[in-house]
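Structure first, then comments.
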Amino acid sequence: MTTAPDPAGPGGTAEPDRLAHIRTELVRAGTAPDGPRVAAAVRSVPGLRSDAERWHLARTAGHAVTGAGVLQPLLEDPQVTDVLVNGTDEVWVDRGDGLQPVQVEGLGDVRQLATRLAAAAGQRLDDAAPVAEGRLPDGTRVHAVLSPLATRAAVISLRTTRRRVLSLQEMRSSGFVDEAGAQIMAQLVQVRANVMVSGATGAGKTTLLAAMLSLVPPNERIVCIEEAVELMPDHPHVVHLQVRRPNVQGAGGVGLAELVRTAMRMRPDRLVLGECRGAEVREVLGALNTGHDGGWATVHANAAGDVPARLVALGSLAGLDPSAVAVQAASALDAIVHLRRQGGRRYLDQIAILTLDDHGAMRCPVAMSVGPCGTLQPGPAWPDLAARLDGT
């Protein structure tokens with residue numbers, strides 16, 4: 001005989017009322033909801049008869065109040081890097097093999113979900129501010145756009161954070177780098193080279209950078225500057241600085257350029273910029289040219305050879321002419337490490353250096369690149385890179 005589900009048990013009809021009770025308790029507390037506050041609100045729910053019920057309700061409430069609701073199980077999948085919601089009926093995930101559609105039951109009002117996620121990230125999202133970007137309490141990056149900017153309905157983009165930093169050896173085992181690449185990367189850290197990591201979105205720039213920073217000696221101080229905290233290296237002395245966006249009146253914002261200047265006064269042994277994407281390139285190149293060696297930064301580019309043009313474009317946002325960017329970049333950066341994502345595989349594709357030609361323009365000759373056999377092979381600029389790896 002089949003037993004009917006208990007309406008007051010997990011998934012029963014009483015669950016919406018219980019979630020409403022929890023939300024009321026959290027509003028009454030008058031503080032931002034987090035894990036302990038949700039747990040306290042769950043304990044106040046009447047009629048819970050077992051620890052299993054409490055555990056289930058606490059998990060459901062956590063997803064509904066501080067997490068991504070019905071999308072949370074996707075974010076907790078260790079294979080998932082991105083969850084994308086296109087309006088009311090499309091959800092896509094990336095598990096490393098490209099985007100794939102998934103069925104999500106109970107998605108409900110996407111605009112309401114987007115607004116709640118933005119609020120959980122400390123951002124405003126409404127008709128007056130139809131675009132929001134921030135980070136959820138668990139570190140998930142959220143970006144949301146409301147209609148009519150999104151033509152059909154609200155669009156939500158969620159990017160998960162890696163909960164565990166991969167070691168260089170693990171990256172070697174997974175095929176991200178080969179043995180030669182692993183030795184070169186470790187040597188770049190040891191000789192305190194200034195390195196820029198390039199690649200497209202999702203190529204593994206943050207993953208590689210976190211692994212490299214984990215190799216920094218424990219008696220050195222790392223200061224990481226980011227739009228939102230993503231770098232979590234396995235290191236005992238890391239200080240994080242993150243951008244503060246302007247309020248609804250357009251005041252109070254603190255950008256990357258100001259944070260770079262601030263970091264330079266914090267006695268950093270390693271100055272790290274999570275992503276160089278604007279006028280802050282002036283401060284970064286200036287810092288790396290004035291004794292702050294061992295620094296790292298990332299930049300979006302399709303190949304190592306495209307990095308010079310990308311730096312010139314960013315420098316123009318800071319009022320620098322191409323010749324000024326070229327001189328500073330060639331002096332400041334010891335190596336360009338380019339990553340590629342192809343067919344779901346992420347790997348170190350090229351290592352290059354920056355030089356100046358006879359006309360003072362930047363060039364980026366390749367020192368190592370992946371050959372037909374899938375391993376790094378020396379290129380024209382290998383002797384120059386080898387000299388830098390020797391500390392000369």
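In the structure tokens, chains take letters A, B, ... by order of appearance, with residues numbered from 1 within each chain and ligands from 1 in the order shown.
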*Tell me which protein, DNA and RNA residues are within 9 Å of Arg192 (chain A), counting only C-alpha atoms, leaving out same-chain ones fewer than 4 positions away, and put them as a list in words.*
Gln187, Leu188, Arg270, Asp293, Gly294, Gly295 and Gly391 of chain A
*Write out as a list of chain:residue names the residues lying within 10 Å of Val85 (chain A), counting only C-alpha atoms and excluding same-chain residues fewer than 4 positions away.*
A:Leu71, A:Asp89, A:Glu90, A:Val91, A:Trp92, A:Val93, A:Pro101, A:Leu107, A:Val110, A:Ala114, A:Ala144, A:Ala153, A:Ala154, A:Val155, A:Ile156, A:Ser157, A:Leu158
*What does the distance between CA of Ala297 (chain A) and CA of Glu220 (chain A) come to in Å, to one decimal place?*
17.5 Å
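Nearest to Gly255 (chain A) of all the residues A:Leu271, A:Leu84, A:Ala279, A:Val42 is A:Ala279, based on only C-alpha atoms.
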What are the closest atom pairs, with distances in Å to one decimal, for each residue of region 186-279 of chain A lying within 7 Å of region 326-338 of chain A, using only C-alpha atoms, rows by chain and rising residue number, as CSV?
residue,atom,partner,partner_atom,distance
A:Ala193,CA,A:Asp334,CA,5.7
A:Asn194,CA,A:Leu333,CA,5.1
A:Val195,CA,A:Ala335,CA,5.0
A:Met196,CA,A:Ile336,CA,5.0
A:Val197,CA,A:Val337,CA,4.7
A:Ser198,CA,A:His338,CA,4.7
A:Gly199,CA,A:His338,CA,5.6
_When you look at region 173-181 of chain A with a cut-off of 7 Å (counting only C-alpha atoms), what residues show up, excluding the ones that are within fewer than 2 positions of it in the same chain? I need them as a list of chain:residue names._
A:Gln169, A:Glu170, A:Met171, A:Gln183, A:Ile184, A:Met185, A:Arg346, A:Tyr347, A:Leu348, A:Thr375, A:Leu376
Write the residues you've just listed into a file as a tab-separated table (two decimals), in the first residue's frame, and include C-alpha atoms for each of them.
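In the end it all went to again-v7.tsv:
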chain	number	residue	atom	x	y	z
A	169	GLN	CA	50.78	19.17	-9.77
A	170	GLU	CA	47.04	18.64	-10.12
A	171	MET	CA	47.01	20.96	-13.11
A	183	GLN	CA	58.57	24.00	-14.46
A	184	ILE	CA	58.48	27.35	-16.26
A	185	MET	CA	55.48	28.58	-14.27
A	346	ARG	CA	41.62	24.26	-20.86
A	347	TYR	CA	45.36	24.39	-21.28
A	348	LEU	CA	48.46	26.60	-21.34
A	375	THR	CA	53.36	19.66	-25.58
A	376	LEU	CA	55.12	23.01	-25.28
*asked:* as JSON, numbers by chain, please: every residue in region 244-392 of chain A that DSSP puts in helix (DSSP H, G or I).
replied: {"A": [256, 257, 258, 259, 260, 261, 262, 263, 264, 281, 282, 283, 284, 285, 286, 287, 288, 304, 305, 306, 307, 308, 309, 310, 311, 312, 313, 314, 315, 316, 317, 322, 323, 324, 325, 326, 327, 328, 329, 330, 331, 332, 382, 383, 384, 385, 386, 387, 388, 389]}
Convert the current residue selection to file output with C-alpha atoms, as a JSON list (two decimals), in the first residue's frame.
[["chain", "number", "residue", "atom", "x", "y", "z"],
["A", 256, "LEU", "CA", 40.32, 49.42, -9.52],
["A", 257, "ALA", "CA", 42.72, 52.29, -10.25],
["A", 258, "GLU", "CA", 42.28, 53.74, -6.77],
["A", 259, "LEU", "CA", 42.61, 50.31, -5.20],
["A", 260, "VAL", "CA", 45.91, 49.74, -7.03],
["A", 261, "ARG", "CA", 47.24, 53.02, -5.63],
["A", 262, "THR", "CA", 46.01, 52.00, -2.17],
["A", 263, "ALA", "CA", 47.63, 48.57, -2.42],
["A", 264, "MET", "CA", 51.02, 50.09, -3.24],
["A", 281, "VAL", "CA", 46.41, 49.59, -16.52],
["A", 282, "ARG", "CA", 48.30, 52.88, -15.98],
["A", 283, "GLU", "CA", 48.61, 52.26, -12.23],
["A", 284, "VAL", "CA", 49.48, 48.58, -12.68],
["A", 285, "LEU", "CA", 52.27, 49.20, -15.20],
["A", 286, "GLY", "CA", 53.52, 52.08, -13.08],
["A", 287, "ALA", "CA", 53.64, 49.88, -9.98],
["A", 288, "LEU", "CA", 55.46, 47.05, -11.75],
["A", 304, "ALA", "CA", 49.46, 36.21, -26.78],
["A", 305, "GLY", "CA", 50.10, 38.24, -29.93],
["A", 306, "ASP", "CA", 46.92, 40.24, -29.28],
["A", 307, "VAL", "CA", 48.04, 41.42, -25.83],
["A", 308, "PRO", "CA", 49.98, 44.50, -27.13],
["A", 309, "ALA", "CA", 46.88, 45.83, -28.93],
["A", 310, "ARG", "CA", 44.77, 45.10, -25.85],
["A", 311, "LEU", "CA", 47.17, 47.02, -23.59],
["A", 312, "VAL", "CA", 47.25, 49.97, -25.99],
["A", 313, "ALA", "CA", 43.44, 50.06, -26.03],
["A", 314, "LEU", "CA", 43.29, 49.98, -22.22],
["A", 315, "GLY", "CA", 46.02, 52.60, -21.96],
["A", 316, "SER", "CA", 44.02, 54.95, -24.15],
["A", 317, "LEU", "CA", 41.28, 54.89, -21.50],
["A", 322, "PRO", "CA", 50.63, 53.94, -27.60],
["A", 323, "SER", "CA", 54.34, 54.74, -27.25],
["A", 324, "ALA", "CA", 53.99, 55.36, -23.50],
["A", 325, "VAL", "CA", 52.10, 52.10, -23.02],
["A", 326, "ALA", "CA", 54.68, 50.21, -25.09],
["A", 327, "VAL", "CA", 57.67, 51.50, -23.14],
["A", 328, "GLN", "CA", 56.06, 50.85, -19.77],
["A", 329, "ALA", "CA", 54.67, 47.41, -20.63],
["A", 330, "ALA", "CA", 57.90, 46.12, -22.21],
["A", 331, "SER", "CA", 59.82, 47.23, -19.14],
["A", 332, "ALA", "CA", 57.29, 46.02, -16.57],
["A", 382, "TRP", "CA", 62.97, 31.16, -26.00],
["A", 383, "PRO", "CA", 66.54, 32.46, -25.37],
["A", 384, "ASP", "CA", 65.13, 35.75, -24.03],
["A", 385, "LEU", "CA", 62.63, 33.96, -21.77],
["A", 386, "ALA", "CA", 65.34, 31.58, -20.56],
["A", 387, "ALA", "CA", 67.47, 34.57, -19.56],
["A", 388, "ARG", "CA", 64.58, 36.00, -17.56],
["A", 389, "LEU", "CA", 63.97, 32.66, -15.88]]
*Selection: 12 Å around Gly134 (chain A), only C-alpha atoms, excl. self and same-chain fewer than 5 positions, as a ChimeraX atom specification*: /A:114-125,139-144,156-159,227-230,242-245
Those residues with N, CA and C atoms, as a PDB file, in the first residue's frame please?
ATOM      1  N   ALA A 114      15.615  37.416  -9.913  1.00  0.00           N
ATOM      2  CA  ALA A 114      16.743  38.301 -10.204  1.00  0.00           C
ATOM      3  C   ALA A 114      16.843  39.419  -9.169  1.00  0.00           C
ATOM      4  N   THR A 115      15.701  39.985  -8.797  1.00  0.00           N
ATOM      5  CA  THR A 115      15.692  41.071  -7.813  1.00  0.00           C
ATOM      6  C   THR A 115      16.186  40.581  -6.457  1.00  0.00           C
ATOM      7  N   ARG A 116      15.758  39.364  -6.068  1.00  0.00           N
ATOM      8  CA  ARG A 116      16.193  38.834  -4.771  1.00  0.00           C
ATOM      9  C   ARG A 116      17.688  38.510  -4.781  1.00  0.00           C
ATOM     10  N   LEU A 117      18.182  37.957  -5.897  1.00  0.00           N
ATOM     11  CA  LEU A 117      19.609  37.651  -5.983  1.00  0.00           C
ATOM     12  C   LEU A 117      20.438  38.930  -5.913  1.00  0.00           C
ATOM     13  N   ALA A 118      19.968  39.979  -6.601  1.00  0.00           N
ATOM     14  CA  ALA A 118      20.688  41.249  -6.550  1.00  0.00           C
ATOM     15  C   ALA A 118      20.702  41.792  -5.119  1.00  0.00           C
ATOM     16  N   ALA A 119      19.574  41.703  -4.413  1.00  0.00           N
ATOM     17  CA  ALA A 119      19.520  42.176  -3.031  1.00  0.00           C
ATOM     18  C   ALA A 119      20.455  41.371  -2.140  1.00  0.00           C
ATOM     19  N   ALA A 120      20.519  40.040  -2.375  1.00  0.00           N
ATOM     20  CA  ALA A 120      21.430  39.210  -1.587  1.00  0.00           C
ATOM     21  C   ALA A 120      22.885  39.585  -1.841  1.00  0.00           C
ATOM     22  N   ALA A 121      23.151  40.137  -3.039  1.00  0.00           N
ATOM     23  CA  ALA A 121      24.503  40.588  -3.377  1.00  0.00           C
ATOM     24  C   ALA A 121      24.740  42.041  -2.985  1.00  0.00           C
ATOM     25  N   GLY A 122      23.748  42.650  -2.312  1.00  0.00           N
ATOM     26  CA  GLY A 122      23.902  44.033  -1.867  1.00  0.00           C
ATOM     27  C   GLY A 122      23.704  45.056  -2.959  1.00  0.00           C
ATOM     28  N   GLN A 123      22.973  44.683  -4.023  1.00  0.00           N
ATOM     29  CA  GLN A 123      22.771  45.585  -5.151  1.00  0.00           C
ATOM     30  C   GLN A 123      21.285  45.872  -5.359  1.00  0.00           C
ATOM     31  N   ARG A 124      21.014  47.007  -5.965  1.00  0.00           N
ATOM     32  CA  ARG A 124      19.653  47.378  -6.304  1.00  0.00           C
ATOM     33  C   ARG A 124      19.343  46.934  -7.725  1.00  0.00           C
ATOM     34  N   LEU A 125      18.127  46.389  -7.919  1.00  0.00           N
ATOM     35  CA  LEU A 125      17.692  45.990  -9.258  1.00  0.00           C
ATOM     36  C   LEU A 125      16.208  46.296  -9.382  1.00  0.00           C
ATOM     37  N   GLY A 139      29.812  33.358  -2.556  1.00  0.00           N
ATOM     38  CA  GLY A 139      30.860  33.702  -3.506  1.00  0.00           C
ATOM     39  C   GLY A 139      30.442  33.652  -4.956  1.00  0.00           C
ATOM     40  N   THR A 140      29.253  33.144  -5.250  1.00  0.00           N
ATOM     41  CA  THR A 140      28.776  33.079  -6.633  1.00  0.00           C
ATOM     42  C   THR A 140      28.621  34.483  -7.204  1.00  0.00           C
ATOM     43  N   ARG A 141      29.132  34.696  -8.402  1.00  0.00           N
ATOM     44  CA  ARG A 141      28.996  35.984  -9.065  1.00  0.00           C
ATOM     45  C   ARG A 141      27.669  36.032  -9.806  1.00  0.00           C
ATOM     46  N   VAL A 142      26.897  37.080  -9.594  1.00  0.00           N
ATOM     47  CA  VAL A 142      25.586  37.204 -10.217  1.00  0.00           C
ATOM     48  C   VAL A 142      25.530  38.473 -11.063  1.00  0.00           C
ATOM     49  N   HIS A 143      24.967  38.343 -12.242  1.00  0.00           N
ATOM     50  CA  HIS A 143      24.716  39.490 -13.120  1.00  0.00           C
ATOM     51  C   HIS A 143      23.286  39.343 -13.618  1.00  0.00           C
ATOM     52  N   ALA A 144      22.504  40.416 -13.541  1.00  0.00           N
ATOM     53  CA  ALA A 144      21.094  40.344 -13.929  1.00  0.00           C
ATOM     54  C   ALA A 144      20.700  41.572 -14.733  1.00  0.00           C
ATOM     55  N   ILE A 156      19.498  36.213 -16.177  1.00  0.00           N
ATOM     56  CA  ILE A 156      20.381  36.045 -15.019  1.00  0.00           C
ATOM     57  C   ILE A 156      21.590  35.225 -15.443  1.00  0.00           C
ATOM     58  N   SER A 157      22.785  35.687 -15.074  1.00  0.00           N
ATOM     59  CA  SER A 157      24.026  34.951 -15.334  1.00  0.00           C
ATOM     60  C   SER A 157      24.730  34.714 -14.008  1.00  0.00           C
ATOM     61  N   LEU A 158      24.992  33.451 -13.698  1.00  0.00           N
ATOM     62  CA  LEU A 158      25.637  33.085 -12.441  1.00  0.00           C
ATOM     63  C   LEU A 158      26.943  32.371 -12.748  1.00  0.00           C
ATOM     64  N   ARG A 159      28.022  32.805 -12.112  1.00  0.00           N
ATOM     65  CA  ARG A 159      29.338  32.177 -12.275  1.00  0.00           C
ATOM     66  C   ARG A 159      29.780  31.654 -10.908  1.00  0.00           C
ATOM     67  N   GLU A 227      37.490  43.051  -8.999  1.00  0.00           N
ATOM     68  CA  GLU A 227      36.127  43.565  -9.054  1.00  0.00           C
ATOM     69  C   GLU A 227      35.313  42.953  -7.925  1.00  0.00           C
ATOM     70  N   ALA A 228      35.446  41.669  -7.736  1.00  0.00           N
ATOM     71  CA  ALA A 228      34.838  40.938  -6.622  1.00  0.00           C
ATOM     72  C   ALA A 228      35.755  39.766  -6.325  1.00  0.00           C
ATOM     73  N   VAL A 229      35.861  39.390  -5.077  1.00  0.00           N
ATOM     74  CA  VAL A 229      36.862  38.416  -4.647  1.00  0.00           C
ATOM     75  C   VAL A 229      36.616  37.065  -5.321  1.00  0.00           C
ATOM     76  N   GLU A 230      37.585  36.622  -6.105  1.00  0.00           N
ATOM     77  CA  GLU A 230      37.565  35.295  -6.712  1.00  0.00           C
ATOM     78  C   GLU A 230      38.835  34.519  -6.379  1.00  0.00           C
ATOM     79  N   GLN A 242      38.459  44.870  -2.934  1.00  0.00           N
ATOM     80  CA  GLN A 242      37.500  44.749  -4.016  1.00  0.00           C
ATOM     81  C   GLN A 242      36.788  46.073  -4.273  1.00  0.00           C
ATOM     82  N   VAL A 243      36.353  46.217  -5.491  1.00  0.00           N
ATOM     83  CA  VAL A 243      35.699  47.439  -5.953  1.00  0.00           C
ATOM     84  C   VAL A 243      34.410  47.687  -5.165  1.00  0.00           C
ATOM     85  N   ARG A 244      34.134  48.959  -4.891  1.00  0.00           N
ATOM     86  CA  ARG A 244      32.829  49.341  -4.354  1.00  0.00           C
ATOM     87  C   ARG A 244      32.113  50.149  -5.427  1.00  0.00           C
ATOM     88  N   ARG A 245      30.944  49.702  -5.791  1.00  0.00           N
ATOM     89  CA  ARG A 245      30.180  50.370  -6.838  1.00  0.00           C
ATOM     90  C   ARG A 245      29.476  51.603  -6.285  1.00  0.00           C
TER      91      ARG A 245
END
*Determine which residues of region 126-247 of chain A DSSP labels as strand (DSSP E or B) from the backbone of this structure, then write them out as an NGL selection string.*
:A and (131-135 or 141-145 or 155-159 or 195-199 or 222-226 or 238-242 or 244)
Export of the given selection (N, CA and C atoms) as a JSON list (two decimals), in the first residue's frame:
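In the end it all went to selection_15.json:
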[["chain", "number", "residue", "atom", "x", "y", "z"],
["A", 131, "VAL", "N", 20.14, 46.97, -14.36],
["A", 131, "VAL", "CA", 21.29, 46.08, -14.48],
["A", 131, "VAL", "C", 22.00, 46.03, -13.13],
["A", 132, "ALA", "N", 22.32, 44.85, -12.67],
["A", 132, "ALA", "CA", 23.02, 44.71, -11.38],
["A", 132, "ALA", "C", 24.08, 43.62, -11.49],
["A", 133, "GLU", "N", 25.16, 43.82, -10.76],
["A", 133, "GLU", "CA", 26.24, 42.83, -10.72],
["A", 133, "GLU", "C", 26.78, 42.80, -9.31],
["A", 134, "GLY", "N", 27.01, 41.61, -8.79],
["A", 134, "GLY", "CA", 27.53, 41.49, -7.43],
["A", 134, "GLY", "C", 27.88, 40.06, -7.12],
["A", 135, "ARG", "N", 28.02, 39.77, -5.84],
["A", 135, "ARG", "CA", 28.43, 38.44, -5.40],
["A", 135, "ARG", "C", 27.53, 37.97, -4.27],
["A", 141, "ARG", "N", 29.13, 34.70, -8.40],
["A", 141, "ARG", "CA", 29.00, 35.98, -9.06],
["A", 141, "ARG", "C", 27.67, 36.03, -9.81],
["A", 142, "VAL", "N", 26.90, 37.08, -9.59],
["A", 142, "VAL", "CA", 25.59, 37.20, -10.22],
["A", 142, "VAL", "C", 25.53, 38.47, -11.06],
["A", 143, "HIS", "N", 24.97, 38.34, -12.24],
["A", 143, "HIS", "CA", 24.72, 39.49, -13.12],
["A", 143, "HIS", "C", 23.29, 39.34, -13.62],
["A", 144, "ALA", "N", 22.50, 40.42, -13.54],
["A", 144, "ALA", "CA", 21.09, 40.34, -13.93],
["A", 144, "ALA", "C", 20.70, 41.57, -14.73],
["A", 145, "VAL", "N", 19.84, 41.36, -15.72],
["A", 145, "VAL", "CA", 19.33, 42.43, -16.57],
["A", 145, "VAL", "C", 17.81, 42.27, -16.67],
["A", 155, "VAL", "N", 17.08, 38.35, -17.48],
["A", 155, "VAL", "CA", 18.17, 37.43, -17.80],
["A", 155, "VAL", "C", 19.13, 37.41, -16.62],
["A", 156, "ILE", "N", 19.50, 36.21, -16.18],
["A", 156, "ILE", "CA", 20.38, 36.05, -15.02],
["A", 156, "ILE", "C", 21.59, 35.22, -15.44],
["A", 157, "SER", "N", 22.78, 35.69, -15.07],
["A", 157, "SER", "CA", 24.03, 34.95, -15.33],
["A", 157, "SER", "C", 24.73, 34.71, -14.01],
["A", 158, "LEU", "N", 24.99, 33.45, -13.70],
["A", 158, "LEU", "CA", 25.64, 33.08, -12.44],
["A", 158, "LEU", "C", 26.94, 32.37, -12.75],
["A", 159, "ARG", "N", 28.02, 32.81, -12.11],
["A", 159, "ARG", "CA", 29.34, 32.18, -12.27],
["A", 159, "ARG", "C", 29.78, 31.65, -10.91],
["A", 195, "VAL", "N", 54.15, 38.89, -14.42],
["A", 195, "VAL", "CA", 53.51, 38.04, -15.43],
["A", 195, "VAL", "C", 52.09, 38.52, -15.68],
["A", 196, "MET", "N", 51.71, 38.54, -16.96],
["A", 196, "MET", "CA", 50.32, 38.80, -17.33],
["A", 196, "MET", "C", 49.76, 37.53, -17.96],
["A", 197, "VAL", "N", 48.62, 37.08, -17.42],
["A", 197, "VAL", "CA", 47.96, 35.88, -17.92],
["A", 197, "VAL", "C", 46.82, 36.32, -18.83],
["A", 198, "SER", "N", 46.82, 35.85, -20.06],
["A", 198, "SER", "CA", 45.80, 36.23, -21.03],
["A", 198, "SER", "C", 44.96, 35.02, -21.42],
["A", 199, "GLY", "N", 43.80, 35.31, -21.97],
["A", 199, "GLY", "CA", 42.91, 34.24, -22.40],
["A", 199, "GLY", "C", 41.49, 34.73, -22.52],
["A", 222, "ILE", "N", 50.71, 38.94, -0.05],
["A", 222, "ILE", "CA", 50.04, 39.06, -1.35],
["A", 222, "ILE", "C", 48.85, 39.99, -1.18],
["A", 223, "VAL", "N", 48.77, 41.01, -2.01],
["A", 223, "VAL", "CA", 47.60, 41.90, -2.02],
["A", 223, "VAL", "C", 46.89, 41.71, -3.36],
["A", 224, "CYS", "N", 45.66, 41.20, -3.31],
["A", 224, "CYS", "CA", 44.86, 40.91, -4.50],
["A", 224, "CYS", "C", 43.80, 41.99, -4.68],
["A", 225, "ILE", "N", 43.71, 42.55, -5.87],
["A", 225, "ILE", "CA", 42.76, 43.61, -6.20],
["A", 225, "ILE", "C", 41.83, 43.07, -7.28],
["A", 226, "GLU", "N", 40.51, 43.08, -6.99],
["A", 226, "GLU", "CA", 39.56, 42.48, -7.91],
["A", 226, "GLU", "C", 38.26, 43.26, -7.95],
["A", 238, "VAL", "N", 47.24, 36.69, 2.66],
["A", 238, "VAL", "CA", 46.60, 37.28, 1.49],
["A", 238, "VAL", "C", 45.63, 38.36, 1.95],
["A", 239, "VAL", "N", 45.74, 39.53, 1.36],
["A", 239, "VAL", "CA", 44.83, 40.64, 1.64],
["A", 239, "VAL", "C", 44.02, 40.90, 0.38],
["A", 240, "HIS", "N", 42.70, 40.98, 0.52],
["A", 240, "HIS", "CA", 41.82, 41.19, -0.63],
["A", 240, "HIS", "C", 41.26, 42.61, -0.61],
["A", 241, "LEU", "N", 41.34, 43.28, -1.74],
["A", 241, "LEU", "CA", 40.68, 44.57, -1.95],
["A", 241, "LEU", "C", 39.71, 44.40, -3.10],
["A", 242, "GLN", "N", 38.46, 44.87, -2.93],
["A", 242, "GLN", "CA", 37.50, 44.75, -4.02],
["A", 242, "GLN", "C", 36.79, 46.07, -4.27],
["A", 244, "ARG", "N", 34.13, 48.96, -4.89],
["A", 244, "ARG", "CA", 32.83, 49.34, -4.35],
["A", 244, "ARG", "C", 32.11, 50.15, -5.43]]
_Please compute the CA of Ala211 (chain A)-CA of Val165 (chain A) distance, one decimal, in Å._
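Separating CA of Ala211 (chain A) from CA of Val165 (chain A) is a distance of 6.4 Å.
For Val366 (chain A), the residues within 6 Å (counting only C-alpha atoms, excluding itself and residues fewer than 2 positions away along the chain) are Ala352, Met368, Gly379 and Ala381 of chain A.
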*Measure the distance from CA of Val70 (chain A) to CA of Thr160 (chain A) in Å and round it to one decimal.*
15.2 Å
*asked:* So that I can check the surroundings of Asp77 (chain A), please list as a ChimeraX atom specification every protein, DNA and RNA residue that reaches within 12 Å of it, counting only C-alpha atoms and ignoring chain neighbours fewer than 5 positions away.
replied: /A:71-72,82-83,93-96,160-163
Export of the given selection (C-alpha atoms) as a tab-separated table (two decimals), in the first residue's frame:
chain	number	residue	atom	x	y	z
A	71	LEU	CA	19.02	26.99	-9.19
A	72	GLN	CA	21.14	26.29	-6.10
A	82	ASP	CA	28.06	28.83	-15.20
A	83	VAL	CA	24.28	28.86	-14.85
A	93	VAL	CA	24.68	25.25	-17.66
A	94	ASP	CA	28.35	24.85	-18.52
A	95	ARG	CA	30.03	21.77	-17.08
A	96	GLY	CA	33.25	22.31	-19.02
A	160	THR	CA	30.42	29.76	-9.56
A	161	THR	CA	33.68	29.98	-7.66
A	162	ARG	CA	36.11	27.12	-7.30
A	163	ARG	CA	35.87	25.96	-3.71
*Would you kindly return, as a ChimeraX atom specification, each protein, DNA or RNA residue with an atom no farther than 6 Å from any atom of region 232-235 of chain A, considering only C-alpha atoms and excluding same-chain residues fewer than 2 positions away?*
/A:210,213-214,237
*asked:* For a quick check of understanding, using only C-alpha atoms, which of A:Ala203, A:Ala318, A:Ala303, A:Leu208 has the smallest distance to Pro365 (chain A)?
replied: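 Nearest candidate to Pro365 (chain A) out of A:Ala203, A:Ala318, A:Ala303, A:Leu208: A:Ala303.
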